[in-house]
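Next up, protein.cif (mmCIF, C-alpha atoms):
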data_protein
loop_
_atom_site.label_atom_id
_atom_site.label_comp_id
_atom_site.auth_asym_id
_atom_site.auth_seq_id
_atom_site.Cartn_x
_atom_site.Cartn_y
_atom_site.Cartn_z
CA ASP B 1 -28.26 -16.05 -47.31
CA SER B 2 -31.74 -14.68 -46.68
CA GLY B 3 -31.60 -15.20 -42.92
CA VAL B 4 -34.62 -17.55 -43.01
CA THR B 5 -33.85 -21.08 -41.82
CA GLN B 6 -35.92 -24.12 -42.67
CA THR B 7 -35.54 -27.65 -41.40
CA PRO B 8 -35.39 -30.36 -42.50
CA LYS B 9 -34.07 -29.75 -46.01
CA HIS B 10 -35.23 -33.13 -47.22
CA LEU B 11 -37.81 -35.52 -45.85
CA ILE B 12 -39.01 -38.86 -47.19
CA THR B 13 -42.02 -40.49 -45.64
CA ALA B 14 -44.92 -42.81 -46.42
CA THR B 15 -48.57 -42.17 -47.17
CA GLY B 16 -50.71 -41.72 -44.10
CA GLN B 17 -47.86 -40.35 -42.00
CA ARG B 18 -47.50 -36.97 -40.32
CA VAL B 19 -44.57 -34.57 -40.57
CA THR B 20 -43.61 -31.20 -39.11
CA LEU B 21 -41.66 -28.59 -41.00
CA ARG B 22 -39.94 -25.84 -39.07
CA CYS B 23 -39.08 -22.27 -39.98
CA SER B 24 -37.07 -19.59 -38.20
CA PRO B 25 -37.72 -16.15 -39.69
CA ARG B 26 -35.17 -13.44 -40.25
CA SER B 27 -34.19 -11.60 -37.09
CA GLY B 28 -36.74 -8.85 -36.46
CA ASP B 29 -39.37 -10.16 -38.87
CA LEU B 30 -42.79 -10.70 -37.32
CA SER B 31 -44.62 -12.26 -40.28
CA VAL B 32 -44.16 -15.80 -41.51
CA TYR B 33 -45.66 -17.16 -44.73
CA TRP B 34 -45.86 -20.74 -45.94
CA TYR B 35 -45.92 -21.64 -49.63
CA GLN B 36 -46.12 -24.96 -51.43
CA GLN B 37 -44.25 -25.36 -54.72
CA SER B 38 -45.21 -28.30 -56.87
CA LEU B 39 -44.50 -29.02 -60.52
CA ASP B 40 -48.11 -28.88 -61.65
CA GLN B 41 -49.43 -26.06 -59.46
CA GLY B 42 -46.57 -23.61 -59.18
CA LEU B 43 -46.13 -21.63 -55.99
CA GLN B 44 -49.28 -21.73 -53.86
CA PHE B 45 -49.84 -19.57 -50.79
CA LEU B 46 -50.86 -21.63 -47.78
CA ILE B 47 -51.00 -19.40 -44.71
CA GLN B 48 -49.56 -16.32 -43.01
CA TYR B 49 -48.92 -15.62 -39.34
CA TYR B 50 -48.11 -12.27 -37.81
CA ASN B 51 -46.73 -12.09 -34.30
CA GLY B 52 -48.36 -15.36 -33.32
CA GLU B 53 -51.75 -14.74 -34.90
CA GLU B 54 -53.12 -16.17 -38.14
CA ARG B 55 -53.31 -13.30 -40.61
CA ALA B 56 -54.29 -14.74 -43.98
CA LYS B 57 -55.25 -18.12 -45.30
CA GLY B 58 -54.84 -19.51 -48.79
CA ASN B 59 -55.29 -22.92 -50.32
CA ILE B 60 -54.36 -24.84 -47.22
CA LEU B 61 -55.89 -28.30 -46.83
CA GLU B 62 -57.68 -29.27 -43.63
CA ARG B 63 -55.03 -31.97 -43.13
CA PHE B 64 -52.45 -29.21 -42.82
CA SER B 65 -52.07 -26.82 -39.91
CA ALA B 66 -49.56 -24.23 -38.81
CA GLN B 67 -48.69 -22.11 -35.84
CA GLN B 68 -46.28 -19.39 -34.86
CA PHE B 69 -44.70 -19.55 -31.43
CA PRO B 70 -43.80 -16.71 -29.01
CA ASP B 71 -40.19 -16.80 -30.22
CA LEU B 72 -41.64 -16.23 -33.74
CA HIS B 73 -40.55 -19.51 -35.24
CA SER B 74 -43.26 -21.35 -37.11
CA GLU B 75 -44.18 -24.94 -37.77
CA LEU B 76 -46.23 -26.43 -40.57
CA ASN B 77 -47.85 -29.75 -39.72
CA LEU B 78 -48.89 -32.06 -42.53
CA SER B 79 -50.93 -35.13 -41.63
CA SER B 80 -52.53 -38.12 -43.38
CA LEU B 81 -50.03 -37.55 -46.12
CA GLU B 82 -50.88 -38.40 -49.71
CA LEU B 83 -48.66 -38.86 -52.74
CA GLY B 84 -49.84 -35.50 -54.05
CA ASP B 85 -48.42 -33.71 -51.03
CA SER B 86 -44.93 -34.29 -52.37
CA ALA B 87 -43.59 -30.80 -52.99
CA LEU B 88 -41.13 -28.16 -51.93
CA TYR B 89 -42.46 -26.20 -48.96
CA PHE B 90 -41.12 -22.69 -48.56
CA CYS B 91 -41.23 -20.43 -45.59
CA ALA B 92 -40.82 -16.69 -46.03
CA SER B 93 -40.74 -13.80 -43.61
CA SER B 94 -41.27 -10.07 -43.64
CA VAL B 95 -41.16 -7.28 -41.11
CA GLY B 96 -44.80 -6.24 -40.94
CA HIS B 97 -48.18 -7.80 -41.56
CA GLN B 98 -49.03 -5.66 -44.55
CA ASN B 99 -45.61 -5.72 -46.04
CA THR B 100 -44.07 -3.78 -48.89
CA GLY B 101 -43.92 -6.98 -50.84
CA GLU B 102 -40.40 -8.04 -50.07
CA LEU B 103 -40.50 -11.51 -48.68
CA PHE B 104 -37.34 -13.28 -47.61
CA PHE B 105 -37.47 -16.95 -48.48
CA GLY B 106 -35.77 -19.92 -46.93
CA GLU B 107 -34.23 -22.64 -49.08
CA GLY B 108 -37.26 -24.87 -48.66
CA SER B 109 -38.05 -28.30 -47.29
CA ARG B 110 -38.45 -30.96 -49.94
CA LEU B 111 -41.06 -33.51 -48.94
CA THR B 112 -41.33 -36.82 -50.76
CA VAL B 113 -44.28 -39.06 -49.94
CA LEU B 114 -43.90 -42.66 -51.10
CA GLY E 115 -60.00 -13.53 -57.49
CA ASP E 116 -56.58 -12.03 -57.94
CA SER E 117 -54.26 -13.89 -60.26
CA VAL E 118 -51.04 -13.66 -62.23
CA THR E 119 -50.41 -15.20 -65.64
CA GLN E 120 -46.92 -15.44 -67.06
CA MET E 121 -45.51 -16.95 -70.21
CA GLU E 122 -44.75 -20.61 -70.07
CA GLY E 123 -41.23 -21.83 -70.26
CA PRO E 124 -38.74 -23.05 -70.61
CA VAL E 125 -37.09 -20.19 -72.44
CA THR E 126 -33.65 -20.85 -73.89
CA LEU E 127 -31.50 -18.01 -75.21
CA SER E 128 -27.91 -17.45 -76.24
CA GLU E 129 -25.70 -15.19 -74.17
CA GLU E 130 -26.14 -11.48 -74.98
CA ALA E 131 -29.63 -12.03 -76.44
CA CYS E 132 -32.55 -9.80 -75.47
CA LEU E 133 -35.06 -11.16 -73.00
CA THR E 134 -38.75 -10.52 -72.47
CA ILE E 135 -40.88 -12.58 -70.11
CA ASN E 136 -44.54 -11.62 -70.30
CA CYS E 137 -46.69 -11.19 -67.22
CA THR E 138 -50.30 -10.05 -66.95
CA TYR E 139 -52.43 -9.78 -63.86
CA THR E 140 -56.01 -9.63 -62.63
CA ALA E 141 -56.69 -7.70 -59.46
CA THR E 142 -59.10 -5.22 -57.99
CA GLY E 143 -57.82 -1.84 -56.99
CA TYR E 144 -54.16 -0.94 -57.31
CA PRO E 145 -51.89 -3.89 -56.60
CA SER E 146 -48.15 -3.80 -56.12
CA LEU E 147 -46.24 -5.89 -58.66
CA PHE E 148 -43.03 -7.86 -58.28
CA TRP E 149 -40.55 -10.08 -60.03
CA TYR E 150 -38.84 -12.72 -57.94
CA VAL E 151 -35.98 -14.98 -59.08
CA GLN E 152 -35.13 -18.48 -57.93
CA TYR E 153 -31.60 -19.69 -58.66
CA PRO E 154 -30.96 -23.44 -58.64
CA GLY E 155 -31.17 -24.92 -55.16
CA GLU E 156 -32.14 -21.64 -53.52
CA GLY E 157 -35.26 -19.89 -52.27
CA LEU E 158 -36.90 -17.04 -54.11
CA GLN E 159 -35.47 -13.55 -53.84
CA LEU E 160 -36.92 -10.23 -54.84
CA LEU E 161 -35.55 -8.95 -58.15
CA LEU E 162 -37.56 -5.75 -58.60
CA LYS E 163 -40.89 -4.17 -57.78
CA ALA E 164 -43.30 -1.39 -58.77
CA THR E 165 -46.04 -0.05 -56.54
CA LYS E 166 -48.06 2.22 -58.83
CA ALA E 167 -49.00 2.67 -62.45
CA ASP E 168 -46.17 3.73 -64.80
CA ASP E 169 -43.52 2.94 -62.18
CA LYS E 170 -40.46 1.16 -63.55
CA GLY E 171 -38.65 -1.30 -61.35
CA SER E 172 -35.05 -2.15 -62.18
CA ASN E 173 -32.21 -4.24 -60.78
CA LYS E 174 -29.19 -6.13 -62.14
CA GLY E 175 -29.94 -4.95 -65.68
CA PHE E 176 -33.54 -6.20 -65.54
CA GLU E 177 -36.47 -3.84 -65.72
CA ALA E 178 -40.26 -3.97 -65.78
CA THR E 179 -42.88 -1.23 -66.14
CA TYR E 180 -46.26 -1.29 -64.39
CA ARG E 181 -48.83 -0.85 -67.17
CA LYS E 182 -52.30 -0.46 -65.73
CA GLU E 183 -53.97 0.00 -69.10
CA THR E 184 -52.79 -3.42 -70.26
CA THR E 185 -52.57 -4.97 -66.74
CA SER E 186 -49.04 -6.08 -67.54
CA PHE E 187 -45.60 -6.12 -65.92
CA HIS E 188 -43.26 -7.68 -68.50
CA LEU E 189 -39.68 -8.42 -67.47
CA GLU E 190 -36.95 -7.28 -69.88
CA LYS E 191 -33.19 -7.37 -70.14
CA GLY E 192 -31.15 -6.14 -73.03
CA SER E 193 -28.28 -8.62 -72.85
CA VAL E 194 -28.57 -11.81 -70.81
CA GLN E 195 -25.71 -13.72 -69.21
CA VAL E 196 -25.26 -17.37 -68.32
CA SER E 197 -25.58 -16.37 -64.67
CA ASP E 198 -29.17 -15.21 -65.36
CA SER E 199 -30.27 -18.83 -65.76
CA ALA E 200 -32.99 -19.28 -63.14
CA VAL E 201 -36.75 -19.45 -62.66
CA TYR E 202 -38.51 -16.07 -62.72
CA PHE E 203 -41.81 -15.46 -60.94
CA CYS E 204 -44.16 -12.57 -61.48
CA ALA E 205 -46.21 -11.71 -58.39
CA LEU E 206 -48.72 -9.26 -57.01
CA ARG E 207 -49.97 -8.01 -53.68
CA ALA E 208 -53.48 -6.62 -53.77
CA SER E 209 -53.87 -3.23 -52.14
CA SER E 210 -56.11 -4.63 -49.40
CA ALA E 211 -54.23 -7.85 -48.73
CA SER E 212 -51.03 -9.00 -47.11
CA LYS E 213 -50.41 -12.20 -49.04
CA ILE E 214 -48.44 -12.27 -52.26
CA ILE E 215 -49.77 -14.25 -55.20
CA PHE E 216 -47.25 -15.76 -57.59
CA GLY E 217 -47.44 -16.77 -61.22
CA SER E 218 -46.41 -20.26 -62.25
CA GLY E 219 -42.81 -19.29 -62.98
CA THR E 220 -40.76 -19.21 -66.19
CA ARG E 221 -37.55 -21.21 -66.41
CA LEU E 222 -34.81 -19.35 -68.27
CA SER E 223 -31.69 -21.09 -69.57
CA ILE E 224 -28.86 -19.13 -71.17
CA ARG E 225 -26.39 -20.89 -73.49
CA PRO E 226 -22.78 -19.68 -73.52
#

Final structure tokens representation of the file:
Amino acid sequence: DSGVTQTPKHLITATGQRVTLRCSPRSGDLSVYWYQQSLDQGLQFLIQYYNGEERAKGNILERFSAQQFPDLHSELNLSSLELGDSALYFCASSVGHQNTGELFFGEGSRLTVL
Amino acid sequence: GDSVTQMEGPVTLSEEACLTINCTYTATGYPSLFWYVQYPGEGLQLLLKATKADDKGSNKGFEATYRKETTSFHLEKGSVQVSDSAVYFCALRASSASKIIFGSGTRLSIRP
């Protein structure tokens, strides 16, 4: 158990809909990272937050947004969903903003868009 | 930009065979290098890391050496077990960045 909690574990929705994925980082970790894992594109970095502030941005679509709340949990919002958004979305956390490289991953939220 | 390239899978080996999974990288400066492992149904977890040239990371019988001259960080194990079946990801963190960039992953299956 990494200490990172993601909900929901599975989500099935239709094209055009909007969903919110939630992540609670490990106790004491201030950074949260979101990654998308799909079969054809591997593990893609989406965005990082540190102590409530956006820290780094990757290949995140404009239809997607994220935030980190004062209690340090984070949410990833995906809107106007397309079939290609079907993937496993991972949240990871680390202590600092420029970490040593050890990220602690949750078990992921599997999104299926029909 | 920074990137990681690792050998495509799947790789299937018999128990007690030797394992090498190749990984090469492109990055400016002096990145830190990592191997992460993802067991079925779980999130990724750090297997080993190396932060400077010629460093060797090791854990659970796996090892990898940071080779700056060949920009490589190959994962090796002398005798694999069925329990090593998983997906292995090579990754880097550039010296000036906070995000970690992952390779595409290599699925390893070990036959009893």

Item checked: Residues near segment 192-200 of chain E, cut-off 9 Å, all atoms listed in the file, skip fewer than 3 positions along chain, as a ChimeraX atom specification -> /E:127-134,151-154,175-176,220-226

Next item on the list: Find the residues in chain E near chain B: any atom within 12 Å counts, using all atoms listed in the file. Write them as a VMD selection string.
Entry: chain E and resid 115 to 120 122 145 to 165 201 to 221

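Across the chains present, the PyMOL selection byres ((chain E and resi 180-182) around 10) applied to this file returns Thr138, Tyr139, Tyr144, Pro145, Ser146, Leu147, Phe148, Lys163, Ala164, Thr165, Lys166, Ala167, Asp168, Asp169, Lys170, Gly171, Ala178, Thr179, Glu183, Thr184, Thr185, Ser186, Phe187 and His188 of chain E.
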
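With only C-alpha atoms taken into account, the protein and nucleic acid residues at most 9 Å from His10 of chain B (excluding it and anything under 2 positions from it in its own chain) are Thr7, Pro8, Ile12, Gly108, Ser109, Arg110, Leu111 and Thr112 of chain B.
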
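Going from atom CA of Tyr49 of chain B over to atom CA of Cys137 of chain E, you cover 28.3 Å.
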
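Nearest to Val19 of chain B of all the residues B:Val95, B:Pro70, B:Ser86, B:Ser79 is B:Ser79, based on only C-alpha atoms.
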
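Between atom CA of Ala87 of chain B and atom CA of Thr126 of chain E the separation is 25.2 Å.
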
Show me, as an mmCIF file with C-alpha atoms, keeping the file's coordinate frame, the residues that have an atom within 7 Å of Ile135 of chain E when counting only C-alpha atoms, minus same-chain residues fewer than 3 positions from it.
data_model
loop_
_atom_site.group_PDB
_atom_site.id
_atom_site.type_symbol
_atom_site.label_atom_id
_atom_site.label_comp_id
_atom_site.auth_asym_id
_atom_site.auth_seq_id
_atom_site.Cartn_x
_atom_site.Cartn_y
_atom_site.Cartn_z
ATOM 1 C CA MET E 121 -45.510 -16.950 -70.210
ATOM 2 C CA HIS E 188 -43.260 -7.680 -68.500
ATOM 3 C CA LEU E 189 -39.680 -8.420 -67.470
ATOM 4 C CA GLU E 190 -36.950 -7.280 -69.880
#

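Taking all atoms listed in the file into account, the polymer residues that have an atom no farther than 7 Å from (-39.4, -9.3, -39.5) are Arg26, Ser27, Gly28, Asp29, Leu30, Ser31, Ser93, Ser94, Val95 and Gly96 of chain B.
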
Create the file for the chosen residues now, containing C-alpha atoms and written as a PDB file, in the coordinates of the input.
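Output file result_3.pdb follows:
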ATOM      1  CA  ARG B  26     -35.170 -13.440 -40.250  1.00  0.00           C
ATOM      2  CA  SER B  27     -34.190 -11.600 -37.090  1.00  0.00           C
ATOM      3  CA  GLY B  28     -36.740  -8.850 -36.460  1.00  0.00           C
ATOM      4  CA  ASP B  29     -39.370 -10.160 -38.870  1.00  0.00           C
ATOM      5  CA  LEU B  30     -42.790 -10.700 -37.320  1.00  0.00           C
ATOM      6  CA  SER B  31     -44.620 -12.260 -40.280  1.00  0.00           C
ATOM      7  CA  SER B  93     -40.740 -13.800 -43.610  1.00  0.00           C
ATOM      8  CA  SER B  94     -41.270 -10.070 -43.640  1.00  0.00           C
ATOM      9  CA  VAL B  95     -41.160  -7.280 -41.110  1.00  0.00           C
ATOM     10  CA  GLY B  96     -44.800  -6.240 -40.940  1.00  0.00           C
TER      11      GLY B  96
END

Next item on the list: For atom CA of Leu72 of chain B and atom CA of Ser24 of chain B, determine how far apart the two atoms are, in Å to one decimal place.
Entry: 7.2 Å

Could segment 146-163 of chain E be completed with N, CA, C and O atoms and returned as a compact mmCIF listing (two decimals), in the coordinates of the input?
# COMPACT_ATOMS: atom_id res chain seq x y z
N SER E 146 -49.59 -3.94 -55.92
CA SER E 146 -48.15 -3.80 -56.12
C SER E 146 -47.69 -5.02 -56.91
O SER E 146 -48.21 -6.12 -56.73
N LEU E 147 -46.70 -4.82 -57.77
CA LEU E 147 -46.24 -5.89 -58.66
C LEU E 147 -44.76 -6.18 -58.44
O LEU E 147 -43.98 -5.25 -58.13
N PHE E 148 -44.39 -7.43 -58.59
CA PHE E 148 -43.03 -7.86 -58.28
C PHE E 148 -42.53 -8.89 -59.29
O PHE E 148 -43.31 -9.62 -59.89
N TRP E 149 -41.22 -8.95 -59.42
CA TRP E 149 -40.55 -10.08 -60.03
C TRP E 149 -39.59 -10.66 -59.00
O TRP E 149 -38.78 -9.93 -58.41
N TYR E 150 -39.75 -11.98 -58.80
CA TYR E 150 -38.84 -12.72 -57.94
C TYR E 150 -38.04 -13.68 -58.82
O TYR E 150 -38.51 -14.14 -59.87
N VAL E 151 -36.83 -14.04 -58.36
CA VAL E 151 -35.98 -14.98 -59.08
C VAL E 151 -35.56 -16.10 -58.15
O VAL E 151 -35.31 -15.87 -56.96
N GLN E 152 -35.54 -17.30 -58.71
CA GLN E 152 -35.13 -18.48 -57.93
C GLN E 152 -33.97 -19.14 -58.65
O GLN E 152 -34.14 -19.77 -59.71
N TYR E 153 -32.76 -19.01 -58.10
CA TYR E 153 -31.60 -19.69 -58.66
C TYR E 153 -31.60 -21.14 -58.21
O TYR E 153 -32.19 -21.48 -57.19
N PRO E 154 -30.93 -22.00 -58.96
CA PRO E 154 -30.96 -23.44 -58.64
C PRO E 154 -30.59 -23.72 -57.19
O PRO E 154 -29.57 -23.24 -56.69
N GLY E 155 -31.44 -24.50 -56.54
CA GLY E 155 -31.17 -24.92 -55.16
C GLY E 155 -31.38 -23.86 -54.11
O GLY E 155 -31.02 -24.06 -52.94
N GLU E 156 -31.96 -22.73 -54.48
CA GLU E 156 -32.14 -21.64 -53.52
C GLU E 156 -33.61 -21.26 -53.40
O GLU E 156 -34.46 -21.67 -54.20
N GLY E 157 -33.92 -20.45 -52.39
CA GLY E 157 -35.26 -19.89 -52.27
C GLY E 157 -35.42 -18.70 -53.20
O GLY E 157 -34.48 -18.25 -53.84
N LEU E 158 -36.64 -18.20 -53.26
CA LEU E 158 -36.90 -17.04 -54.11
C LEU E 158 -36.30 -15.79 -53.48
O LEU E 158 -36.22 -15.66 -52.26
N GLN E 159 -35.92 -14.85 -54.33
CA GLN E 159 -35.47 -13.55 -53.84
C GLN E 159 -36.04 -12.46 -54.73
O GLN E 159 -36.21 -12.65 -55.94
N LEU E 160 -36.33 -11.33 -54.11
CA LEU E 160 -36.92 -10.23 -54.84
C LEU E 160 -35.94 -9.67 -55.85
O LEU E 160 -34.79 -9.37 -55.52
N LEU E 161 -36.39 -9.51 -57.09
CA LEU E 161 -35.55 -8.95 -58.15
C LEU E 161 -35.88 -7.46 -58.33
O LEU E 161 -34.99 -6.62 -58.35
N LEU E 162 -37.16 -7.14 -58.47
CA LEU E 162 -37.56 -5.75 -58.60
C LEU E 162 -39.05 -5.63 -58.29
O LEU E 162 -39.76 -6.63 -58.26
N LYS E 163 -39.48 -4.37 -58.09
CA LYS E 163 -40.89 -4.17 -57.78
C LYS E 163 -41.36 -2.81 -58.29
O LYS E 163 -40.54 -1.92 -58.59
